[in-house]
file entry.pdb (PDB, C-alpha atoms)
ATOM      1  CA  MET T  17      96.244  94.623  83.590
ATOM      2  CA  CYS T  18      99.870  93.593  83.276
ATOM      3  CA  GLY T  19     100.596  90.139  84.667
ATOM      4  CA  ARG T  20     103.662  89.063  82.669
ATOM      5  CA  PHE T  21     106.420  90.986  80.977
ATOM      6  CA  VAL T  22     109.827  90.670  79.343
ATOM      7  CA  VAL T  23     113.173  92.167  80.370
ATOM      8  CA  ALA T  24     115.589  91.071  77.649
ATOM      9  CA  ALA T  25     118.280  93.668  78.464
ATOM     10  CA  SER T  26     120.735  93.539  81.349
ATOM     11  CA  GLY T  27     121.055  96.302  83.911
ATOM     12  CA  SER T  28     124.133  97.842  82.318
ATOM     13  CA  GLU T  29     122.223  98.393  79.064
ATOM     14  CA  LEU T  30     119.684 100.564  80.885
ATOM     15  CA  VAL T  31     122.154 102.975  82.470
ATOM     16  CA  GLY T  32     122.490 105.292  79.465
ATOM     17  CA  VAL T  33     118.774 105.375  78.672
ATOM     18  CA  LEU T  34     117.669 106.591  82.105
ATOM     19  CA  ARG T  35     120.879 108.254  83.309
ATOM     20  CA  ILE T  36     121.475 105.909  86.248
ATOM     21  CA  ASP T  37     123.909 107.073  88.940
ATOM     22  CA  LEU T  38     124.256 103.810  90.885
ATOM     23  CA  GLU T  39     123.634 100.167  89.961
ATOM     24  CA  GLY T  40     122.766  97.524  92.537
ATOM     25  CA  ASP T  41     125.187  94.635  92.786
ATOM     26  CA  ASP T  42     122.529  91.910  92.708
ATOM     27  CA  LEU T  43     120.541  92.778  89.581
ATOM     28  CA  PRO T  44     118.496  89.878  88.161
ATOM     29  CA  ALA T  45     119.334  88.223  84.867
ATOM     30  CA  PRO T  46     117.203  88.952  81.781
ATOM     31  CA  SER T  47     113.879  87.096  81.683
ATOM     32  CA  PHE T  48     111.310  86.429  78.962
ATOM     33  CA  ASN T  49     108.557  85.533  81.421
ATOM     34  CA  VAL T  50     108.578  87.797  84.460
ATOM     35  CA  ALA T  51     105.697  86.911  86.788
ATOM     36  CA  PRO T  52     104.441  88.413  90.077
ATOM     37  CA  THR T  53     106.865  87.839  93.013
ATOM     38  CA  ASP T  54     109.827  87.629  90.577
ATOM     39  CA  ARG T  55     112.724  90.063  90.993
ATOM     40  CA  VAL T  56     113.539  92.612  88.295
ATOM     41  CA  ALA T  57     115.509  95.849  88.056
ATOM     42  CA  ILE T  58     113.614  99.074  88.743
ATOM     43  CA  VAL T  59     114.675 102.722  88.677
ATOM     44  CA  LEU T  60     114.113 105.074  91.608
ATOM     45  CA  ASP T  61     115.396 108.438  92.803
ATOM     46  CA  SER T  62     116.602 108.344  96.401
ATOM     47  CA  ALA T  63     115.553 111.430  98.339
ATOM     48  CA  LYS T  64     118.301 110.875 100.920
ATOM     49  CA  THR T  65     120.826 112.767  98.788
ATOM     50  CA  GLU T  66     120.783 116.275  97.288
ATOM     51  CA  PRO T  67     120.245 116.174  94.407
ATOM     52  CA  PRO T  68     118.428 112.796  94.530
ATOM     53  CA  THR T  69     120.537 109.814  93.422
ATOM     54  CA  ARG T  70     119.080 107.738  90.598
ATOM     55  CA  ARG T  71     119.467 104.049  91.342
ATOM     56  CA  LEU T  72     118.879 100.823  89.459
ATOM     57  CA  GLU T  73     117.880  98.266  92.092
ATOM     58  CA  ALA T  74     116.569  94.708  92.226
ATOM     59  CA  ALA T  75     112.985  94.609  93.504
ATOM     60  CA  ARG T  76     110.264  92.038  93.960
ATOM     61  CA  TRP T  77     107.144  92.433  91.821
ATOM     62  CA  GLY T  78     104.134  92.922  94.103
ATOM     63  CA  LEU T  79     104.025  95.922  96.442
ATOM     64  CA  VAL T  80     104.524  95.202 100.154
ATOM     65  CA  PRO T  81     103.671  98.326 102.213
ATOM     66  CA  ALA T  82     105.704  99.137 105.305
ATOM     67  CA  TRP T  83     102.752  98.309 107.586
ATOM     68  CA  ALA T  84     102.257  94.758 106.221
ATOM     69  CA  LYS T  85     102.639  91.859 108.655
ATOM     70  CA  ASP T  86     104.370  89.732 106.030
ATOM     71  CA  PRO T  87     105.268  90.010 102.321
ATOM     72  CA  SER T  88     102.477  87.697 101.110
ATOM     73  CA  ILE T  89     100.222  90.720 100.612
ATOM     74  CA  GLY T  90     102.393  91.677  97.633
ATOM     75  CA  SER T  91     101.094  88.800  95.518
ATOM     76  CA  ARG T  92      97.796  90.688  95.239
ATOM     77  CA  ALA T  93      99.339  94.101  94.523
ATOM     78  CA  PHE T  94     101.368  93.611  91.350
ATOM     79  CA  ASN T  95      99.152  96.169  89.548
ATOM     80  CA  ALA T  96      97.698  99.455  90.785
ATOM     81  CA  ARG T  97      94.850 101.199  88.963
ATOM     82  CA  ALA T  98      96.110 104.724  88.297
ATOM     83  CA  GLU T  99      92.614 106.145  88.747
ATOM     84  CA  GLU T 100      92.438 104.819  92.317
ATOM     85  CA  VAL T 101      95.932 105.054  93.845
ATOM     86  CA  GLU T 102      95.328 108.408  95.565
ATOM     87  CA  ASP T 103      92.516 106.850  97.601
ATOM     88  CA  LYS T 104      93.966 103.398  98.336
ATOM     89  CA  PRO T 105      95.883 102.997 101.630
ATOM     90  CA  MET T 106      98.003 100.317  99.937
ATOM     91  CA  PHE T 107      99.431 102.818  97.441
ATOM     92  CA  ARG T 108      98.768 106.342  98.744
ATOM     93  CA  GLN T 109     102.075 106.988 100.515
ATOM     94  CA  ALA T 110     104.157 105.408  97.774
ATOM     95  CA  LEU T 111     102.517 107.687  95.216
ATOM     96  CA  ILE T 112     103.552 110.749  97.218
ATOM     97  CA  LYS T 113     107.260 109.928  97.673
ATOM     98  CA  ARG T 114     108.195 106.563  96.169
ATOM     99  CA  ARG T 115     107.526 106.496  92.429
ATOM    100  CA  ALA T 116     109.462 104.125  90.198
ATOM    101  CA  VAL T 117     110.108 103.361  86.548
ATOM    102  CA  ILE T 118     110.161  99.724  85.464
ATOM    103  CA  PRO T 119     112.159  99.215  82.235
ATOM    104  CA  ALA T 120     111.003  96.327  80.041
ATOM    105  CA  SER T 121     111.314  95.019  76.510
ATOM    106  CA  GLY T 122     107.585  94.333  76.226
ATOM    107  CA  TYR T 123     104.708  92.628  77.985
ATOM    108  CA  TYR T 124     102.128  89.908  77.433
ATOM    109  CA  GLU T 125      98.393  90.303  77.405
ATOM    110  CA  TRP T 126      95.636  87.743  76.883
ATOM    111  CA  HIS T 127      92.621  88.429  74.687
ATOM    112  CA  THR T 128      89.531  86.404  75.603
ATOM    113  CA  GLU T 129      86.918  85.566  72.992
ATOM    114  CA  ASP T 130      84.262  82.857  73.247
ATOM    115  CA  GLY T 131      86.017  81.552  76.346
ATOM    116  CA  VAL T 132      89.358  81.122  74.540
ATOM    117  CA  LYS T 133      92.390  83.071  75.798
ATOM    118  CA  THR T 134      94.996  84.063  73.207
ATOM    119  CA  PRO T 135      98.337  85.570  74.342
ATOM    120  CA  TYR T 136      99.869  88.574  72.584
ATOM    121  CA  TYR T 137     103.323  90.089  72.939
ATOM    122  CA  ILE T 138     103.228  93.901  72.939
ATOM    123  CA  HIS T 139     106.473  95.842  72.496
ATOM    124  CA  PRO T 140     107.986  99.023  70.986
ATOM    125  CA  ALA T 141     108.152  98.655  67.209
ATOM    126  CA  ASP T 142     111.710 100.044  67.213
ATOM    127  CA  ASP T 143     112.825  97.725  70.050
ATOM    128  CA  SER T 144     113.586 100.662  72.342
ATOM    129  CA  PRO T 145     112.979 100.130  76.069
ATOM    130  CA  LEU T 146     109.359 100.176  77.216
ATOM    131  CA  LEU T 147     108.929 102.098  80.458
ATOM    132  CA  PHE T 148     106.156 101.450  82.978
ATOM    133  CA  ALA T 149     105.204 103.937  85.678
ATOM    134  CA  GLY T 150     105.233 102.256  89.051
ATOM    135  CA  LEU T 151     105.433 102.670  92.815
ATOM    136  CA  TYR T 152     107.871 101.120  95.280
ATOM    137  CA  GLU T 153     108.097 100.403  98.993
ATOM    138  CA  TRP T 154     110.649  99.189 101.517
ATOM    139  CA  TRP T 155     109.421  96.564 104.012
ATOM    140  CA  LYS T 156     111.395  95.572 107.117
ATOM    141  CA  ASP T 157     111.352  91.979 108.347
ATOM    142  CA  ALA T 158     111.413  92.486 112.111
ATOM    143  CA  SER T 159     112.164  88.789 112.695
ATOM    144  CA  LYS T 160     115.671  89.177 111.271
ATOM    145  CA  PRO T 161     118.644  90.805 113.022
ATOM    146  CA  ASP T 162     119.735  94.331 112.103
ATOM    147  CA  ASP T 163     122.897  93.101 110.398
ATOM    148  CA  ASP T 164     121.039  90.666 108.121
ATOM    149  CA  PRO T 165     121.332  92.001 104.543
ATOM    150  CA  HIS T 166     117.964  90.401 103.712
ATOM    151  CA  ARG T 167     116.074  92.240 106.448
ATOM    152  CA  TRP T 168     114.835  94.871 103.995
ATOM    153  CA  LEU T 169     112.631  93.981 101.020
ATOM    154  CA  LEU T 170     112.265  96.357  98.081
ATOM    155  CA  SER T 171     109.044  95.756  96.166
ATOM    156  CA  PHE T 172     107.047  97.494  93.445
ATOM    157  CA  THR T 173     103.779  97.613  91.551
ATOM    158  CA  ILE T 174     103.074  98.500  87.907
ATOM    159  CA  MET T 175     100.375 101.112  87.404
ATOM    160  CA  THR T 176      97.634 100.576  84.813
ATOM    161  CA  ARG T 177      94.966 102.622  83.058
ATOM    162  CA  GLY T 178      92.213 102.036  80.521
ATOM    163  CA  SER T 179      93.492 100.819  77.149
ATOM    164  CA  THR T 180      93.483 103.092  74.128
ATOM    165  CA  GLY T 181      93.999 102.607  70.402
ATOM    166  CA  ALA T 182      94.757  99.152  69.068
ATOM    167  CA  LEU T 183      95.508  97.837  72.564
ATOM    168  CA  GLY T 184      91.821  98.107  73.390
ATOM    169  CA  SER T 185      91.154  95.235  70.992
ATOM    170  CA  VAL T 186      93.254  92.934  73.182
ATOM    171  CA  HIS T 187      92.370  93.989  76.727
ATOM    172  CA  ASP T 188      90.535  96.836  78.453
ATOM    173  CA  ARG T 189      93.538  97.734  80.652
ATOM    174  CA  MET T 190      97.149  98.577  79.775
ATOM    175  CA  PRO T 191     100.255  99.524  81.750
ATOM    176  CA  LEU T 192     100.777 103.224  82.415
ATOM    177  CA  PHE T 193     103.524 104.017  79.892
ATOM    178  CA  ILE T 194     105.960 106.912  80.165
ATOM    179  CA  ASP T 195     108.810 108.039  77.919
ATOM    180  CA  ALA T 196     112.459 108.405  78.911
ATOM    181  CA  ASP T 197     112.354 112.211  79.025
ATOM    182  CA  TYR T 198     109.291 112.255  81.278
ATOM    183  CA  ALA T 199     110.928 109.771  83.658
ATOM    184  CA  ASP T 200     112.788 112.654  85.338
ATOM    185  CA  VAL T 201     109.489 114.289  86.263
ATOM    186  CA  TRP T 202     107.828 111.067  87.404
ATOM    187  CA  LEU T 203     110.743 109.968  89.591
ATOM    188  CA  ASP T 204     111.356 113.324  91.310
ATOM    189  CA  PRO T 205     110.605 112.673  95.028
ATOM    190  CA  THR T 206     110.399 116.415  95.771
ATOM    191  CA  THR T 207     107.259 116.963  93.660
ATOM    192  CA  ASP T 208     104.545 118.647  95.718
ATOM    193  CA  ASN T 209     101.374 118.396  93.623
ATOM    194  CA  VAL T 210     101.151 114.647  93.115
ATOM    195  CA  GLY T 211      97.550 114.817  91.908
ATOM    196  CA  ASP T 212      98.476 116.995  88.932
ATOM    197  CA  LEU T 213     101.500 114.813  88.213
ATOM    198  CA  LEU T 214      99.361 111.687  88.159
ATOM    199  CA  ASP T 215      96.726 113.270  85.917
ATOM    200  CA  ALA T 216      99.371 114.452  83.453
ATOM    201  CA  THR T 217     100.964 111.006  83.357
ATOM    202  CA  ILE T 218      97.635 109.288  82.695
ATOM    203  CA  ASP T 219      96.772 111.800  79.968
ATOM    204  CA  ALA T 220     100.146 111.453  78.213
ATOM    205  CA  ALA T 221     100.188 107.647  78.101
ATOM    206  CA  PRO T 222      97.885 107.119  75.062
ATOM    207  CA  ALA T 223     100.307 108.946  72.743
ATOM    208  CA  LEU T 224     102.923 106.242  73.384
ATOM    209  CA  VAL T 225     100.622 103.471  72.149
ATOM    210  CA  ASN T 226     101.229 104.514  68.536
ATOM    211  CA  GLY T 227     104.832 103.325  68.769
ATOM    212  CA  LEU T 228     103.892  99.816  69.874
ATOM    213  CA  ALA T 229     103.595  96.625  67.857
ATOM    214  CA  MET T 230     101.864  93.411  68.883
ATOM    215  CA  ARG T 231     101.733  89.839  67.706
ATOM    216  CA  GLU T 232     100.091  86.633  68.759
ATOM    217  CA  VAL T 233     102.448  84.229  70.526
ATOM    218  CA  GLY T 234     102.189  80.618  71.619
ATOM    219  CA  PRO T 235     100.496  79.339  74.787
ATOM    220  CA  ALA T 236     103.804  78.347  76.435
ATOM    221  CA  VAL T 237     104.037  81.789  78.051
ATOM    222  CA  GLY T 238     101.133  80.806  80.275
ATOM    223  CA  ASN T 239     103.430  78.512  82.273
ATOM    224  CA  VAL T 240     105.768  80.472  84.566
ATOM    225  CA  ARG T 241     108.349  77.690  84.313
ATOM    226  CA  ASN T 242     108.886  78.464  80.626
ATOM    227  CA  ASN T 243     111.479  81.139  79.924
ATOM    228  CA  GLY T 244     113.377  81.926  76.750
ATOM    229  CA  PRO T 245     113.311  84.035  73.570
ATOM    230  CA  GLU T 246     111.074  81.456  71.876
ATOM    231  CA  LEU T 247     108.192  82.766  74.000
ATOM    232  CA  ILE T 248     108.044  86.033  72.022
ATOM    233  CA  ALA T 249     108.225  84.310  68.616
ATOM    234  CA  PRO T 250     105.091  84.661  66.448
ATOM    235  CA  ALA T 251     102.547  81.872  66.909
ATOM    236  CA  ARG T 252     102.611  79.341  64.111
TER
END

call {"tool": "encode", "arguments": {"input": "entry.pdb", "output": "structure tokens"}}
result
Amino acid sequence: MCGRFVVAASGSELVGVLRIDLEGDDLPAPSFNVAPTDRVAIVLDSAKTEPPTRRLEAARWGLVPAWAKDPSIGSRAFNARAEEVEDKPMFRQALIKRRAVIPASGYYEWHTEDGVKTPYYIHPADDSPLLFAGLYEWWKDASKPDDDPHRWLLSFTIMTRGSTGALGSVHDRMPLFIDADYADVWLDPTTDNVGDLLDATIDAAPALVNGLAMREVGPAVGNVRNNGPELIAPAR
């Protein structure tokens, strides 16, 4: 799973990496302890333009489908198992047309042994951006007037798959990683054969594990109120 991650770069630093066309004007500040329901910047290709416009937008972590009665459902949908998204009503439509990339600096995972949980920080060894494959949705709050700028909520989920390589020694699940070049394929909303796209993405992810480093960090990351670069420092 992926329940906490780090976004140490600002939105403007991501524009060149993923060839962003438009940046949102309310992008969140960097965070060293992003938790479900927090807002972060995600990348999506809008199908409303030809060619699609690549946007960097602020979104809430935890997918809220269009049919939801309220956004609370998103707190249970911050991860989506890649092997199951084609069959889950929560994620099926987003997989077809609303795929996202979530740029990060790294993420946290907890290894449990003899009942003791130890946090690790996992990140690219060369400090390049780490990209998660995700899905997004727009949810309309019908209780608010049409001219209310907060009527629409953009939300997302991070996809996961079984861990491979050294990551398997920490946890049995890992985020679904993609590289910057493959992002164009993943984000393309005009793709027809989504099943093949998903299979190819799952199959390619293990190769990216070789470029990752990990280290044990202190227990402070377990408290969502803690936030700062000290959280990714090696445990003493």

call {"tool": "closest_residue", "arguments": {"input": "entry.pdb", "among": "T:His127, T:Arg108, T:Arg97, T:Arg70", "to": "T:Val186", "atoms": "only C-alpha atoms"}}
result
T:His127

call {"tool": "resolve_selection", "arguments": {"input": "entry.pdb", "expression": "the PyMOL selection byres ((chain T and resi 26-33) around 8)", "output": "list of chain:residue names"}}
result
T:Val23, T:Ala24, T:Ala25, T:Leu34, T:Arg35, T:Ile36, T:Asp37, T:Glu39, T:Leu43, T:Ala45, T:Pro46, T:Ala57, T:Leu72, T:Pro119, T:Ala196

call {"tool": "resolve_selection", "arguments": {"input": "entry.pdb", "expression": "the PyMOL selection byres ((chain T and resi 115) around 12)", "output": "CSV table (one decimal) with C-alpha atoms, in the frame of the given file"}}
result
chain,number,residue,atom,x,y,z
T,58,ILE,CA,113.6,99.1,88.7
T,59,VAL,CA,114.7,102.7,88.7
T,60,LEU,CA,114.1,105.1,91.6
T,61,ASP,CA,115.4,108.4,92.8
T,62,SER,CA,116.6,108.3,96.4
T,63,ALA,CA,115.6,111.4,98.3
T,70,ARG,CA,119.1,107.7,90.6
T,79,LEU,CA,104.0,95.9,96.4
T,101,VAL,CA,95.9,105.1,93.8
T,107,PHE,CA,99.4,102.8,97.4
T,108,ARG,CA,98.8,106.3,98.7
T,109,GLN,CA,102.1,107.0,100.5
T,110,ALA,CA,104.2,105.4,97.8
T,111,LEU,CA,102.5,107.7,95.2
T,112,ILE,CA,103.6,110.7,97.2
T,113,LYS,CA,107.3,109.9,97.7
T,114,ARG,CA,108.2,106.6,96.2
T,116,ALA,CA,109.5,104.1,90.2
T,117,VAL,CA,110.1,103.4,86.5
T,118,ILE,CA,110.2,99.7,85.5
T,148,PHE,CA,106.2,101.4,83.0
T,149,ALA,CA,105.2,103.9,85.7
T,150,GLY,CA,105.2,102.3,89.1
T,151,LEU,CA,105.4,102.7,92.8
T,152,TYR,CA,107.9,101.1,95.3
T,153,GLU,CA,108.1,100.4,99.0
T,171,SER,CA,109.0,95.8,96.2
T,172,PHE,CA,107.0,97.5,93.4
T,173,THR,CA,103.8,97.6,91.6
T,174,ILE,CA,103.1,98.5,87.9
T,175,MET,CA,100.4,101.1,87.4
T,199,ALA,CA,110.9,109.8,83.7
T,200,ASP,CA,112.8,112.7,85.3
T,201,VAL,CA,109.5,114.3,86.3
T,202,TRP,CA,107.8,111.1,87.4
T,203,LEU,CA,110.7,110.0,89.6
T,204,ASP,CA,111.4,113.3,91.3
T,205,PRO,CA,110.6,112.7,95.0
T,206,THR,CA,110.4,116.4,95.8
T,207,THR,CA,107.3,117.0,93.7
T,210,VAL,CA,101.2,114.6,93.1
T,213,LEU,CA,101.5,114.8,88.2
T,214,LEU,CA,99.4,111.7,88.2

call {"tool": "closest_residue", "arguments": {"input": "entry.pdb", "among": "T:Thr134, T:Ser91, T:Thr69, T:Ser179", "to": "T:Ala223", "atoms": "only C-alpha atoms"}}
result
T:Ser179

call {"tool": "atom_distance", "arguments": {"input": "entry.pdb", "atom1": "atom CA of T:Asp130", "atom2": "atom CA of T:Ala236"}}
result
20.3 Å

call {"tool": "resolve_selection", "arguments": {"input": "entry.pdb", "expression": "the PyMOL selection byres ((chain T and resi 191-194) around 8)", "output": "MDAnalysis selection string"}}
result
chainID T and resid 17:18 98 146:149 174:177 189:190 195:196 198:199 217:218 220:221 224

call {"tool": "write_last_selection", "arguments": {"input": "entry.pdb", "atoms": "C-alpha atoms", "output": "PDB file, keeping the file's coordinate frame"}}
result
ATOM      1  CA  MET T  17      96.244  94.623  83.590  1.00  0.00           C
ATOM      2  CA  CYS T  18      99.870  93.593  83.276  1.00  0.00           C
ATOM      3  CA  ALA T  98      96.110 104.724  88.297  1.00  0.00           C
ATOM      4  CA  LEU T 146     109.359 100.176  77.216  1.00  0.00           C
ATOM      5  CA  LEU T 147     108.929 102.098  80.458  1.00  0.00           C
ATOM      6  CA  PHE T 148     106.156 101.450  82.978  1.00  0.00           C
ATOM      7  CA  ALA T 149     105.204 103.937  85.678  1.00  0.00           C
ATOM      8  CA  ILE T 174     103.074  98.500  87.907  1.00  0.00           C
ATOM      9  CA  MET T 175     100.375 101.112  87.404  1.00  0.00           C
ATOM     10  CA  THR T 176      97.634 100.576  84.813  1.00  0.00           C
ATOM     11  CA  ARG T 177      94.966 102.622  83.058  1.00  0.00           C
ATOM     12  CA  ARG T 189      93.538  97.734  80.652  1.00  0.00           C
ATOM     13  CA  MET T 190      97.149  98.577  79.775  1.00  0.00           C
ATOM     14  CA  ASP T 195     108.810 108.039  77.919  1.00  0.00           C
ATOM     15  CA  ALA T 196     112.459 108.405  78.911  1.00  0.00           C
ATOM     16  CA  TYR T 198     109.291 112.255  81.278  1.00  0.00           C
ATOM     17  CA  ALA T 199     110.928 109.771  83.658  1.00  0.00           C
ATOM     18  CA  THR T 217     100.964 111.006  83.357  1.00  0.00           C
ATOM     19  CA  ILE T 218      97.635 109.288  82.695  1.00  0.00           C
ATOM     20  CA  ALA T 220     100.146 111.453  78.213  1.00  0.00           C
ATOM     21  CA  ALA T 221     100.188 107.647  78.101  1.00  0.00           C
ATOM     22  CA  LEU T 224     102.923 106.242  73.384  1.00  0.00           C
TER      23      LEU T 224
END

call {"tool": "residues_around", "arguments": {"input": "entry.pdb", "residues": "T:Thr128", "least_positions_apart": "6", "cutoff": "12 Å", "atoms": "all atoms listed in the file", "output": "JSON, numbers by chain"}}
result
{"T": [134, 135, 136, 185, 186, 187, 188]}

call {"tool": "atom_distance", "arguments": {"input": "entry.pdb", "atom1": "atom CA of T:Leu247", "atom2": "atom CA of T:Pro145"}}
result
18.1 Å

call {"tool": "residues_around", "arguments": {"input": "entry.pdb", "residues": "stretch 159-163 of chain T", "least_positions_apart": "6", "cutoff": "12 Å", "atoms": "all atoms listed in the file", "output": "PyMOL selection string"}}
result
chain T and resi 85-86+169

call {"tool": "atom_distance", "arguments": {"input": "entry.pdb", "atom1": "atom CA of T:Asp215", "atom2": "atom CA of T:Asp103"}}
result
14.0 Å

call {"tool": "residues_around", "arguments": {"input": "entry.pdb", "residues": "T:Ser47", "least_positions_apart": "4", "cutoff": "10 Å", "atoms": "only C-alpha atoms", "output": "list in words"}}
result
Phe21, Val22, Val23, Ala24, Ala25, Ser26, Ala51, Asp54, Arg55, Val56, Ala120, Ser121, Asn243, Gly244 and Pro245 of chain T

call {"tool": "write_last_selection", "arguments": {"input": "entry.pdb", "atoms": "C-alpha atoms", "output": "PDB file, in the coordinates of the input"}}
result
ATOM      1  CA  PHE T  21     106.420  90.986  80.977  1.00  0.00           C
ATOM      2  CA  VAL T  22     109.827  90.670  79.343  1.00  0.00           C
ATOM      3  CA  VAL T  23     113.173  92.167  80.370  1.00  0.00           C
ATOM      4  CA  ALA T  24     115.589  91.071  77.649  1.00  0.00           C
ATOM      5  CA  ALA T  25     118.280  93.668  78.464  1.00  0.00           C
ATOM      6  CA  SER T  26     120.735  93.539  81.349  1.00  0.00           C
ATOM      7  CA  ALA T  51     105.697  86.911  86.788  1.00  0.00           C
ATOM      8  CA  ASP T  54     109.827  87.629  90.577  1.00  0.00           C
ATOM      9  CA  ARG T  55     112.724  90.063  90.993  1.00  0.00           C
ATOM     10  CA  VAL T  56     113.539  92.612  88.295  1.00  0.00           C
ATOM     11  CA  ALA T 120     111.003  96.327  80.041  1.00  0.00           C
ATOM     12  CA  SER T 121     111.314  95.019  76.510  1.00  0.00           C
ATOM     13  CA  ASN T 243     111.479  81.139  79.924  1.00  0.00           C
ATOM     14  CA  GLY T 244     113.377  81.926  76.750  1.00  0.00           C
ATOM     15  CA  PRO T 245     113.311  84.035  73.570  1.00  0.00           C
TER      16      PRO T 245
END

call {"tool": "residues_around", "arguments": {"input": "entry.pdb", "residues": "T:Ala82", "least_positions_apart": "2", "cutoff": "9 Å", "atoms": "only C-alpha atoms", "output": "list in words"}}
result
Val80, Ala84, Lys85, Glu153, Trp154, Trp155 and Lys156 of chain T

call {"tool": "closest_residue", "arguments": {"input": "entry.pdb", "among": "T:Asn49, T:Ser144, T:Thr180, T:Ser88", "to": "T:Val225", "atoms": "all atoms listed in the file"}}
result
T:Thr180

call {"tool": "closest_residue", "arguments": {"input": "entry.pdb", "among": "T:Asp42, T:Asp197, T:Pro250, T:Gly227", "to": "T:Pro165", "atoms": "only C-alpha atoms"}}
result
T:Asp42

call {"tool": "axis_aligned_box", "arguments": {"input": "entry.pdb", "around": "stretch 178-192 of chain T", "padding_each_side": "8 Å", "output": "AutoDock Vina command-line options"}}
result
--center_x 95.7 --center_y 98.1 --center_z 75.7 --size_x 26.2 --size_y 26.3 --size_z 29.3

call {"tool": "closest_residue", "arguments": {"input": "entry.pdb", "among": "T:His166, T:Asn95, T:Ala229, T:Ala249", "to": "T:Asp142", "atoms": "all atoms listed in the file"}}
result
T:Ala229

call {"tool": "decode", "arguments": {"input": "entry.pdb", "residues": "stretch 98-103 of chain T", "atoms": "all heavy atoms", "output": "tab-separated table (two decimals), in the first residue's frame"}}
result
chain	number	residue	atom	x	y	z
T	98	ALA	N	-4.13	-2.42	-8.61
T	98	ALA	CA	-4.11	-2.42	-10.07
T	98	ALA	C	-4.75	-3.68	-10.66
T	98	ALA	O	-5.35	-3.63	-11.73
T	98	ALA	CB	-2.68	-2.27	-10.57
T	99	GLU	N	-4.62	-4.80	-9.95
T	99	GLU	CA	-5.17	-6.05	-10.45
T	99	GLU	C	-6.70	-6.09	-10.42
T	99	GLU	O	-7.31	-6.97	-11.02
T	99	GLU	CB	-4.65	-7.23	-9.62
T	99	GLU	CG	-3.13	-7.26	-9.48
T	99	GLU	CD	-2.63	-6.53	-8.24
T	99	GLU	OE1	-3.29	-5.55	-7.80
T	99	GLU	OE2	-1.58	-6.94	-7.71
T	100	GLU	N	-7.32	-5.13	-9.73
T	100	GLU	CA	-8.77	-5.19	-9.53
T	100	GLU	C	-9.54	-4.00	-10.11
T	100	GLU	O	-10.77	-4.03	-10.13
T	100	GLU	CB	-9.06	-5.27	-8.02
T	100	GLU	CG	-8.44	-6.48	-7.32
T	100	GLU	CD	-8.66	-6.45	-5.82
T	100	GLU	OE1	-9.19	-5.44	-5.31
T	100	GLU	OE2	-8.31	-7.44	-5.15
T	101	VAL	N	-8.85	-2.96	-10.58
T	101	VAL	CA	-9.56	-1.73	-10.94
T	101	VAL	C	-10.54	-1.91	-12.10
T	101	VAL	O	-11.56	-1.20	-12.16
T	101	VAL	CB	-8.57	-0.58	-11.27
T	101	VAL	CG1	-7.86	-0.10	-10.02
T	101	VAL	CG2	-7.57	-1.02	-12.34
T	102	GLU	N	-10.27	-2.83	-13.02
T	102	GLU	CA	-11.19	-3.03	-14.14
T	102	GLU	C	-12.55	-3.56	-13.68
T	102	GLU	O	-13.55	-3.37	-14.38
T	102	GLU	CB	-10.59	-3.99	-15.16
T	102	GLU	CG	-9.45	-3.41	-15.97
T	102	GLU	CD	-8.99	-4.35	-17.06
T	102	GLU	OE1	-8.18	-5.25	-16.75
T	102	GLU	OE2	-9.45	-4.20	-18.21
T	103	ASP	N	-12.58	-4.20	-12.53
T	103	ASP	CA	-13.82	-4.83	-12.06
T	103	ASP	C	-14.51	-4.06	-10.93
T	103	ASP	O	-15.62	-4.42	-10.53
T	103	ASP	CB	-13.53	-6.25	-11.57
T	103	ASP	CG	-12.94	-7.13	-12.67
T	103	ASP	OD1	-13.42	-7.04	-13.80
T	103	ASP	OD2	-11.98	-7.88	-12.38
